[in-house]
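To be precise, the following lines are data_38.cif, and they hold mmCIF, C-alpha atoms.
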```
data_entry
#
loop_
_atom_site.label_atom_id
_atom_site.label_comp_id
_atom_site.auth_asym_id
_atom_site.auth_seq_id
_atom_site.Cartn_x
_atom_site.Cartn_y
_atom_site.Cartn_z
CA MET A 354 -5.78 23.79 1.69
CA GLN A 355 -2.74 22.27 0.02
CA GLU A 356 -3.32 19.19 -2.03
CA GLY A 357 -3.11 15.78 -0.37
CA VAL A 358 -3.13 16.72 3.29
CA VAL A 359 -4.59 14.25 5.76
CA ILE A 360 -6.68 16.87 7.50
CA LYS A 361 -10.05 17.02 5.77
CA PRO A 362 -12.14 20.07 6.77
CA VAL A 363 -11.02 23.55 7.84
CA SER A 364 -13.58 23.69 10.62
CA PHE A 365 -14.72 20.98 13.01
CA LYS A 366 -17.59 21.31 15.51
CA GLY A 367 -17.22 25.08 15.22
CA LEU A 368 -13.46 24.93 15.93
CA GLN A 369 -11.06 26.12 13.25
CA VAL A 370 -8.42 23.55 12.24
CA LYS A 371 -6.89 25.46 9.35
CA THR A 372 -3.56 26.44 10.90
CA ARG A 373 -1.10 24.36 12.89
CA VAL A 374 -1.72 26.40 16.05
CA GLN A 375 -5.46 25.77 15.79
CA ARG A 376 -4.91 22.04 15.28
CA ARG A 377 -2.56 21.84 18.24
CA VAL A 378 -5.05 23.73 20.39
CA LEU A 379 -7.65 21.12 19.41
CA VAL A 380 -5.27 18.30 20.45
CA VAL A 381 -4.39 19.95 23.77
CA GLY A 382 -8.08 20.64 24.44
CA TYR A 383 -8.96 17.05 23.63
CA TYR A 384 -6.45 15.56 26.06
CA SER A 385 -7.33 18.13 28.70
CA LEU A 386 -10.92 16.97 28.39
CA LEU A 387 -9.82 13.34 28.69
CA LEU A 388 -7.73 14.16 31.76
CA VAL A 389 -10.59 16.02 33.42
CA ALA A 390 -13.00 13.18 32.64
CA GLY A 391 -10.53 10.63 34.04
CA VAL A 392 -10.00 12.62 37.23
CA VAL A 393 -13.76 13.10 37.70
CA GLY A 394 -14.32 9.37 37.14
CA VAL A 395 -11.63 8.44 39.68
CA VAL A 396 -12.51 11.03 42.32
CA ARG A 397 -16.29 10.57 42.24
CA PRO A 398 -17.10 8.31 45.19
CA GLY A 399 -18.85 5.02 44.50
CA GLN A 400 -18.75 5.38 40.75
CA ARG A 401 -19.95 2.39 38.79
CA ASP A 402 -21.71 4.18 36.00
CA VAL A 403 -20.74 1.84 33.19
CA VAL A 404 -23.18 3.28 30.67
CA THR A 405 -21.71 6.76 31.07
CA LEU A 406 -18.21 5.34 30.68
CA ILE A 407 -19.12 3.48 27.49
CA ASN A 408 -20.83 6.54 26.01
CA PHE A 409 -17.88 8.71 26.91
CA ALA A 410 -15.38 6.25 25.43
CA PHE A 411 -17.27 5.88 22.14
CA PHE A 412 -17.81 9.60 21.73
CA SER A 413 -14.20 10.49 22.60
CA CYS A 414 -12.60 7.79 20.43
CA LEU A 415 -14.41 8.92 17.31
CA LEU A 416 -14.07 12.65 17.85
CA LEU A 417 -10.77 13.24 16.00
CA GLY A 418 -11.58 11.08 12.98
CA GLY A 419 -9.17 8.60 11.40
CA ILE A 420 -11.07 5.54 12.46
CA TYR A 421 -14.30 7.33 11.62
CA GLY A 422 -15.32 9.40 8.60
CA ARG A 423 -16.66 12.56 10.19
CA GLY A 424 -13.70 13.85 12.24
CA PRO A 425 -11.02 16.29 11.12
CA VAL A 426 -8.54 13.53 10.20
CA LYS A 427 -9.35 11.62 7.03
CA SER A 428 -10.50 8.04 7.35
CA TYR A 429 -7.41 5.78 7.30
CA THR A 430 -8.78 2.92 5.29
CA LYS A 431 -10.57 2.73 2.00
CA PRO A 432 -14.22 1.77 2.18
CA ILE A 433 -14.83 -1.93 1.61
CA LEU A 434 -16.61 -2.27 -1.69
CA PRO A 435 -18.44 -5.43 -2.67
CA LEU A 436 -16.62 -5.77 -5.99
CA GLU A 437 -13.36 -4.22 -7.12
CA ALA A 438 -13.84 -2.13 -10.24
CA SER A 439 -11.27 -1.65 -12.97
CA GLY A 440 -8.10 0.14 -11.89
CA GLY A 441 -7.09 3.68 -12.71
CA LEU A 442 -10.35 5.35 -11.80
CA SER A 443 -11.02 6.84 -8.42
CA PHE A 444 -13.55 5.38 -6.02
CA TRP A 445 -16.26 7.86 -6.98
CA GLU A 446 -15.79 7.47 -10.70
CA LYS A 447 -16.35 3.74 -10.50
CA SER A 448 -20.05 3.89 -9.76
CA GLY A 449 -22.65 4.24 -12.43
CA ASP A 450 -21.31 2.95 -15.72
CA ASP A 451 -19.32 0.02 -14.39
CA VAL A 452 -21.40 -3.12 -14.69
CA GLN A 453 -19.34 -4.87 -12.01
CA MET A 454 -20.46 -2.48 -9.29
CA LEU A 455 -24.13 -3.49 -9.46
CA GLY A 456 -24.90 -0.14 -7.89
CA LEU A 457 -23.83 -1.41 -4.46
CA SER A 458 -21.31 1.30 -3.63
CA GLY A 459 -23.94 3.71 -2.37
CA ARG A 460 -23.89 2.40 1.16
CA ALA A 461 -20.11 2.65 1.44
CA ARG A 462 -20.27 6.27 0.36
CA ARG A 463 -22.87 7.19 2.94
CA ARG A 464 -21.04 5.34 5.68
CA ASP A 465 -17.57 6.75 5.10
CA ASP A 466 -18.00 10.35 4.12
CA GLY A 467 -21.06 11.16 6.16
CA GLY A 468 -22.87 12.24 3.03
CA SER A 469 -20.43 15.00 2.13
CA ALA A 470 -19.04 15.13 -1.36
CA ASP A 471 -15.54 16.35 -0.42
CA TRP A 472 -14.28 13.06 0.99
CA GLU A 473 -11.57 11.32 -1.05
CA PRO A 474 -9.58 8.17 -0.31
CA LEU A 475 -5.97 8.61 0.83
CA ASP A 476 -3.42 8.89 -1.94
CA GLU A 477 0.03 7.28 -1.75
CA ARG A 478 1.69 10.19 0.04
CA GLU A 479 -1.12 10.40 2.55
CA GLN A 480 -0.83 6.69 3.20
CA MET A 481 2.86 7.20 3.98
CA GLU A 482 1.96 10.08 6.30
CA ARG A 483 -0.63 7.88 7.98
CA ASP A 484 1.86 5.03 8.43
CA HIS A 485 4.49 7.37 9.86
CA ALA A 486 1.93 8.90 12.23
CA HIS A 487 1.15 5.41 13.48
CA TYR A 488 4.86 4.72 14.00
CA GLU A 489 5.19 7.92 16.03
CA ALA A 490 1.99 7.12 17.95
CA TYR A 491 3.32 3.67 18.73
CA ARG A 492 6.54 5.16 20.05
CA ILE A 493 4.54 7.45 22.33
CA VAL A 494 2.37 4.54 23.50
CA ARG A 495 5.52 2.53 24.22
CA TRP A 496 7.07 5.27 26.35
CA THR A 497 3.82 6.15 28.09
CA LEU A 498 3.25 2.52 28.90
CA GLY A 499 6.79 2.21 30.26
CA ILE A 500 6.39 5.24 32.52
CA VAL A 501 2.94 4.19 33.74
CA ILE A 502 4.10 0.65 34.46
CA GLY A 503 7.18 1.99 36.26
CA VAL A 504 5.03 4.20 38.47
CA TYR A 505 2.62 1.30 39.01
CA TRP A 506 5.33 -1.11 40.18
CA VAL A 507 6.87 1.48 42.48
CA THR A 508 3.54 2.34 44.11
CA LEU A 509 2.19 -1.22 44.13
CA HIS A 510 2.28 -1.61 47.89
CA TRP A 511 0.11 1.43 48.50
CA THR A 512 -2.14 1.59 45.45
CA ASN A 513 -3.03 -1.98 44.53
CA SER A 514 -6.49 -2.05 46.10
CA TRP A 515 -7.18 1.54 45.05
CA ILE A 516 -6.31 0.84 41.40
CA ALA A 517 -8.36 -2.35 41.44
CA GLU A 518 -11.35 -0.33 42.63
CA LYS A 519 -10.92 2.30 39.90
CA LEU A 520 -10.16 -0.21 37.15
CA PRO A 521 -13.23 0.55 34.92
CA VAL A 522 -12.33 4.25 34.71
CA LEU A 523 -8.65 3.55 34.09
CA ALA A 524 -9.51 0.99 31.41
CA MET A 525 -11.67 3.55 29.61
CA VAL A 526 -8.93 6.20 29.79
CA VAL A 527 -6.41 3.72 28.32
CA LEU A 528 -8.91 2.81 25.59
CA VAL A 529 -9.55 6.40 24.56
CA TYR A 530 -5.85 7.29 24.79
CA VAL A 531 -4.74 4.39 22.58
CA LEU A 532 -7.49 4.89 20.02
CA SER A 533 -7.08 8.64 19.68
CA LEU A 534 -3.28 8.93 19.61
CA PRO A 535 -2.54 8.46 15.87
CA GLN A 536 -5.16 11.08 14.98
CA ALA A 537 -3.64 13.45 17.53
CA VAL A 538 -0.19 12.87 16.00
CA VAL A 539 -1.55 13.67 12.53
CA LEU A 540 -3.18 16.86 13.78
CA TRP A 541 -0.07 17.84 15.73
CA THR A 542 2.51 17.21 13.00
CA GLU A 543 0.60 18.25 9.88
CA PRO A 544 2.75 20.96 8.22
CA GLU A 545 1.49 24.48 8.00
CA ASP A 546 -0.54 25.26 4.92
CA VAL A 547 1.08 28.02 2.84
CA ASP A 548 -2.29 29.64 2.12
CA ALA A 549 -3.35 29.55 5.77
CA ALA A 550 -0.04 31.02 6.94
CA MET B 3 13.93 -5.68 8.06
CA ILE B 4 14.99 -9.17 9.16
CA GLN B 5 18.68 -9.16 9.94
CA GLN B 6 19.32 -12.71 11.07
CA ALA B 7 18.82 -16.02 9.32
CA LYS B 8 18.92 -17.84 12.66
CA TYR B 9 18.01 -16.70 16.15
CA LEU B 10 18.41 -18.69 19.38
CA GLY B 11 18.94 -21.77 17.26
CA ILE B 12 15.66 -21.23 15.38
CA PRO B 13 15.97 -20.75 11.60
CA LEU B 14 14.25 -17.63 10.24
CA LYS B 15 15.17 -17.88 6.61
CA THR B 16 11.79 -18.56 5.01
CA LEU B 17 8.37 -17.00 5.52
CA ARG B 18 7.05 -20.22 7.03
CA GLN B 19 9.87 -20.36 9.59
CA ARG B 20 9.32 -16.75 10.58
CA ARG B 21 5.60 -17.28 11.01
CA ALA B 22 6.22 -20.40 13.05
CA PHE B 23 8.52 -18.31 15.24
CA VAL B 24 5.77 -15.70 15.77
CA VAL B 25 3.18 -18.37 16.58
CA GLY B 26 5.63 -19.99 19.01
CA TYR B 27 6.26 -16.63 20.64
CA TYR B 28 2.57 -15.99 21.30
CA VAL B 29 2.00 -19.56 22.45
CA LEU B 30 4.77 -18.98 24.99
CA PHE B 31 3.15 -15.66 25.89
CA ALA B 32 -0.26 -17.30 26.45
CA THR B 33 1.31 -20.09 28.49
CA MET B 34 3.13 -17.63 30.72
CA ALA B 35 0.00 -15.50 31.16
CA GLY B 36 -2.00 -18.61 32.08
CA THR B 37 0.70 -19.64 34.56
CA GLY B 38 0.65 -16.13 36.01
CA PHE B 39 -3.12 -16.27 36.55
CA TRP B 40 -2.79 -19.70 38.12
CA LEU B 41 0.04 -18.78 40.49
CA GLY B 42 -1.40 -15.37 41.38
CA PRO B 43 0.67 -12.79 43.29
CA LYS B 44 3.41 -15.38 43.96
CA SER B 45 4.61 -15.02 40.39
CA LEU B 46 4.96 -11.24 40.52
CA GLY B 47 8.75 -10.98 40.82
CA VAL B 48 9.41 -13.52 38.09
CA MET B 49 6.89 -11.86 35.79
CA ILE B 50 8.58 -8.47 36.07
CA GLN B 51 11.86 -9.98 34.96
CA LEU B 52 10.23 -12.01 32.19
CA ALA B 53 8.34 -8.99 30.84
CA PHE B 54 11.62 -7.30 29.92
CA GLY B 55 13.01 -10.44 28.30
CA MET B 56 9.83 -11.18 26.36
CA ALA B 57 9.34 -7.61 25.17
CA ILE B 58 12.78 -7.32 23.54
CA LEU B 59 12.97 -10.88 22.25
CA LEU B 60 11.78 -10.15 18.71
CA GLY B 61 13.96 -7.07 18.20
CA GLY B 62 12.84 -3.71 16.83
CA ILE B 63 13.21 -2.00 20.17
CA SER B 64 16.41 -3.91 20.91
CA TYR B 65 19.56 -4.78 18.98
CA GLU B 66 20.87 -8.15 17.80
CA ALA B 67 17.41 -9.73 17.62
CA PRO B 68 15.66 -10.87 14.40
CA VAL B 69 13.96 -7.57 13.53
CA LYS B 70 16.29 -4.64 12.88
CA ALA B 71 16.30 -1.79 15.38
CA TYR B 72 13.76 0.84 14.34
CA GLU B 73 15.93 3.81 15.09
CA ARG B 74 19.49 4.78 14.44
CA LEU B 75 21.99 4.35 17.23
CA PRO B 76 23.09 7.65 18.71
CA VAL B 77 26.77 7.65 17.76
CA PRO B 78 28.80 10.23 19.66
CA LEU B 79 31.00 11.20 16.72
CA ASP B 80 30.72 10.59 13.01
CA GLN B 81 32.38 7.35 12.00
CA ASP B 82 34.18 8.59 8.89
CA GLY B 83 35.36 11.96 10.09
CA PRO B 84 38.83 12.66 11.49
CA GLN B 85 37.31 13.63 14.82
CA THR B 86 36.05 10.10 15.60
CA LEU B 87 39.16 9.14 17.61
CA ASN B 88 38.49 5.55 16.56
CA LEU B 89 35.61 5.20 18.99
CA SER B 90 33.26 3.39 16.63
CA GLY B 91 34.93 0.01 16.78
CA ARG B 92 32.29 -1.61 18.97
CA ARG B 93 29.54 -0.58 16.63
CA GLU B 94 31.37 -2.03 13.61
CA ASN B 95 31.42 -5.46 15.19
CA ARG B 96 27.66 -5.59 15.61
CA LEU B 97 25.16 -7.30 13.34
CA TRP B 98 23.20 -4.09 13.32
CA THR B 99 22.97 -1.86 10.23
CA PRO B 100 20.80 1.26 9.99
CA LEU B 101 17.45 1.15 8.19
CA ASP B 102 17.42 2.37 4.60
CA GLU B 103 14.53 4.32 3.09
CA ARG B 104 12.59 1.23 1.95
CA GLU B 105 12.96 -0.35 5.37
CA ARG B 106 11.71 2.80 7.05
CA VAL B 107 8.58 2.68 4.86
CA GLU B 108 8.18 -1.00 5.83
CA ARG B 109 8.66 -0.12 9.49
CA ASP B 110 6.01 2.61 9.33
CA HIS B 111 3.55 0.35 7.57
CA ALA B 112 4.18 -2.43 10.10
CA HIS B 113 3.39 0.02 12.87
CA TYR B 114 0.18 1.05 11.12
CA THR B 115 -0.84 -2.60 10.84
CA ALA B 116 0.18 -3.24 14.45
CA TYR B 117 -1.83 -0.27 15.58
CA ARG B 118 -4.90 -1.53 13.73
CA ILE B 119 -4.54 -4.89 15.49
CA LEU B 120 -3.95 -3.13 18.80
CA ARG B 121 -7.03 -0.97 18.30
CA TRP B 122 -9.28 -3.96 17.73
CA SER B 123 -7.69 -5.92 20.57
CA VAL B 124 -8.13 -3.06 23.02
CA VAL B 125 -11.77 -2.54 22.02
CA LEU B 126 -12.44 -6.28 22.27
CA GLY B 127 -10.70 -6.44 25.66
CA ALA B 128 -12.71 -3.45 26.92
CA VAL B 129 -16.01 -4.97 25.76
CA ILE B 130 -15.22 -8.33 27.39
CA TYR B 131 -14.16 -6.54 30.56
CA LEU B 132 -17.34 -4.45 30.70
CA LEU B 133 -19.53 -7.49 30.06
CA SER B 134 -17.76 -9.39 32.82
CA LEU B 135 -18.02 -6.57 35.39
CA ASN B 136 -20.92 -8.26 37.19
CA TRP B 137 -18.65 -11.14 38.17
CA THR B 138 -15.22 -9.50 38.30
CA TYR B 139 -15.79 -6.32 40.35
CA ALA B 140 -13.70 -5.57 43.43
CA GLY B 141 -14.70 -7.96 46.22
CA ALA B 142 -16.40 -10.50 43.92
CA LYS B 143 -15.31 -14.13 43.71
CA TRP B 144 -13.35 -13.51 40.49
CA ASP B 145 -12.01 -10.12 41.54
CA LEU B 146 -10.03 -8.97 38.50
CA GLY B 147 -8.19 -6.40 40.57
CA LYS B 148 -6.27 -9.21 42.27
CA GLN B 149 -4.98 -10.33 38.87
CA LEU B 150 -4.03 -6.81 37.84
CA PRO B 151 -0.24 -7.39 37.80
CA VAL B 152 -0.68 -10.28 35.36
CA LEU B 153 -3.02 -8.22 33.17
CA VAL B 154 -0.53 -5.38 33.16
CA TRP B 155 2.25 -7.82 32.27
CA MET B 156 0.18 -9.13 29.35
CA LEU B 157 -0.53 -5.60 28.12
CA VAL B 158 3.16 -4.62 28.24
CA VAL B 159 4.45 -7.67 26.37
CA TYR B 160 1.61 -7.60 23.85
CA VAL B 161 1.94 -3.91 23.00
CA LEU B 162 5.74 -3.95 22.84
CA SER B 163 6.00 -7.08 20.70
CA LEU B 164 3.22 -6.47 18.18
CA PRO B 165 5.04 -4.41 15.49
CA GLN B 166 7.96 -6.85 15.45
CA ALA B 167 5.55 -9.77 15.13
CA VAL B 168 3.91 -7.98 12.17
CA VAL B 169 7.31 -7.48 10.51
CA LEU B 170 8.22 -11.14 10.97
CA TRP B 171 4.80 -12.25 9.76
CA THR B 172 4.63 -10.08 6.64
CA GLU B 173 8.26 -9.94 5.49
CA PRO B 174 8.13 -11.30 1.91
CA GLN B 175 10.20 -14.22 0.71
CA GLY B 176 13.38 -13.26 -1.12
CA PRO B 177 14.08 -14.81 -4.56
CA ALA B 178 16.70 -17.13 -3.06
CA GLU B 179 14.23 -18.31 -0.41
CA GLU B 180 11.54 -18.93 -3.02
CA LEU B 181 13.98 -20.91 -5.12
CA ALA B 182 14.98 -22.98 -2.10
CA VAL B 183 11.33 -23.70 -1.30
CA VAL B 184 10.55 -24.67 -4.92
CA GLN B 185 13.62 -26.93 -5.01
CA ALA B 186 12.63 -28.56 -1.72
CA GLU B 187 9.08 -29.13 -2.92
CA SER B 188 10.21 -30.59 -6.26
CA ARG B 189 12.29 -33.27 -4.55
#
```

Would you mind giving the structure from this file in structure tokens?
Amino acid sequence: MQEGVVIKPVSFKGLQVKTRVQRRVLVVGYYSLLLVAGVVGVVRPGQRDVVTLINFAFFSCLLLGGIYGRGPVKSYTKPILPLEASGGLSFWEKSGDDVQMLGLSGRARRRDDGGSADWEPLDEREQMERDHAHYEAYRIVRWTLGIVIGVYWVTLHWTNSWIAEKLPVLAMVVLVYVLSLPQAVVLWTEPEDVDAA
Amino acid sequence: MIQQAKYLGIPLKTLRQRRAFVVGYYVLFATMAGTGFWLGPKSLGVMIQLAFGMAILLGGISYEAPVKAYERLPVPLDQDGPQTLNLSGRRENRLWTPLDERERVERDHAHYTAYRILRWSVVLGAVIYLLSLNWTYAGAKWDLGKQLPVLVWMLVVYVLSLPQAVVLWTEPQGPAEELAVVQAESR
């Protein structure tokens, strides 16, 4: 892949994410899954299965990466190290010889890259990409929220008790939607790799 | 990113003043939410109107507020060209100026920070909600569904205002501001 892209692996859970089409298919599939899960949760009579909802929310939120090290989108933040080593060297090069590290960076490595050696912290350009993806995601959230609230106010007379009854499911859908959106924007807008094309 | 030194009579020149403005904004927000919970459905109409006012108060998504508008205004014809027919006069009289490259980077980073805060807030809210389900389910004494309009109002204002609050909170002091603060402290 081209140097410095935010997308980390070329394959994720058996799905190829090398080309733009493949990444967009992943995003569409992800939100289709969320939609289906939301509809099932709302339609199922007498649902109050909180444990299932929590499991679903956790699993879905982490699936695309970004806020988690093992998804297709690189982790947004640098791992928190106990002591800051001297500048200029990369995160991996700091361990070992540096007396300041006290050998404590092992845990951060295991936590953030899932044990794989190919993980690298975001460089400056990737950080700008990440920030812009969050700006775009926020714009989408803003518009979505506006539309949803508009529909809610219009239908308030007929749906108030119904929505109140389905509140746990709707809260989980909002949670997953908000948490996953920046990663979806990254996957959707990442430019096509010259080698892959 | 801050385009006004004073807004609604409140000075916004120094970092401290801007942060005080943000704190005041969220104190007002909390007070209004508390009042909404207390009044219940009676406050619905007022809250709808206030949501719009509160959401655009800090700027960013509106013009002529402290934080610059995030996007360029769609101008029908280019201002400098001969084909403008002098239609850009209204725009010239505004306080608004488009974001330059540095400001766009600031804007993007503010949105990243805002999104991080939003992410944690949403997770925290969801956890509290799930833990409270035993007492707040539909038909219970503290039925949360009855307070749904107020919760929705809180969500709208909070989500819409957060990036602007981050900009106001993190905007660094300019050299002139720092000098003014040092001079004031030395007296």

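Coordinates place CA of Ser533 (chain A) at a distance of 29.4 Å from CA of Asp102 (chain B).
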
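With all atoms listed in the file as the atoms that count, the residue of B:Ser188, B:Phe31, B:Gly11, B:Met3 with the shortest distance to Arg106 (chain B) is B:Met3.
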
Exercise for the section: May I ask you to extract the residues of chain B within 10 Å of chain A, using only C-alpha atoms, and to give them as a PyMOL selection string? Expected result: chain B and resi 50+63+72+106-118+120-122+124-125+127-129+131-133+135+139-141+145-151+154-155+157-158+161-162+165

Exercise for the section: Work out how far apart CA of Leu386 (chain A) and CA of Leu164 (chain B) are and give it in Å to one decimal. Expected result: 29.2 Å

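The neighbours of Met49 (chain B) here are the residues that come within 9 Å of it, using all atoms listed in the file and leaving out any residue fewer than 4 positions away in the same chain; they are Met34, Gly38, Ser45, Ala53, Phe54, Pro151, Val152 and Trp155 of chain B.
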
Practice task
On this file, the PyMOL selection byres ((chain B and resi 12) around 12) gives some set of residues; write that set as a list in words.
Solution key: Gln6, Ala7, Lys8, Tyr9, Leu10, Gly11, Pro13, Leu14, Lys15, Thr16, Gln19, Arg20, Arg21, Ala22, Phe23, Val24, Gly26, Tyr27, Ala67 and Pro68 of chain B

Handout entry: Two-atom distance - CA of Lys70 (chain B), CA of Leu52 (chain B) (Å)
Key =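 Taking CA of Lys70 (chain B) and CA of Leu52 (chain B), their separation equals 21.5 Å.
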
Problem - Residue with smallest distance to Val396 (chain A) - pool A:Thr542, A:Glu477, A:Phe411, A:Val522, counting all atoms listed in the file - result: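 Closest residue, counting all atoms listed in the file: A:Val522.
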
Would you pick out the contacts of Phe365 (chain A) at 8 Å or less, using all atoms listed in the file, so that residues sharing its chain but fewer than 5 positions from it are not included, and give the list as a PDB file with C-alpha atoms, in the coordinates of the input?
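The file below, selection_0.pdb, is the result:
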```pdb
ATOM      1  CA  VAL A 370      -8.420  23.550  12.240  1.00  0.00           C
ATOM      2  CA  GLY A 424     -13.700  13.850  12.240  1.00  0.00           C
ATOM      3  CA  PRO A 425     -11.020  16.290  11.120  1.00  0.00           C
TER       4      PRO A 425
END
```
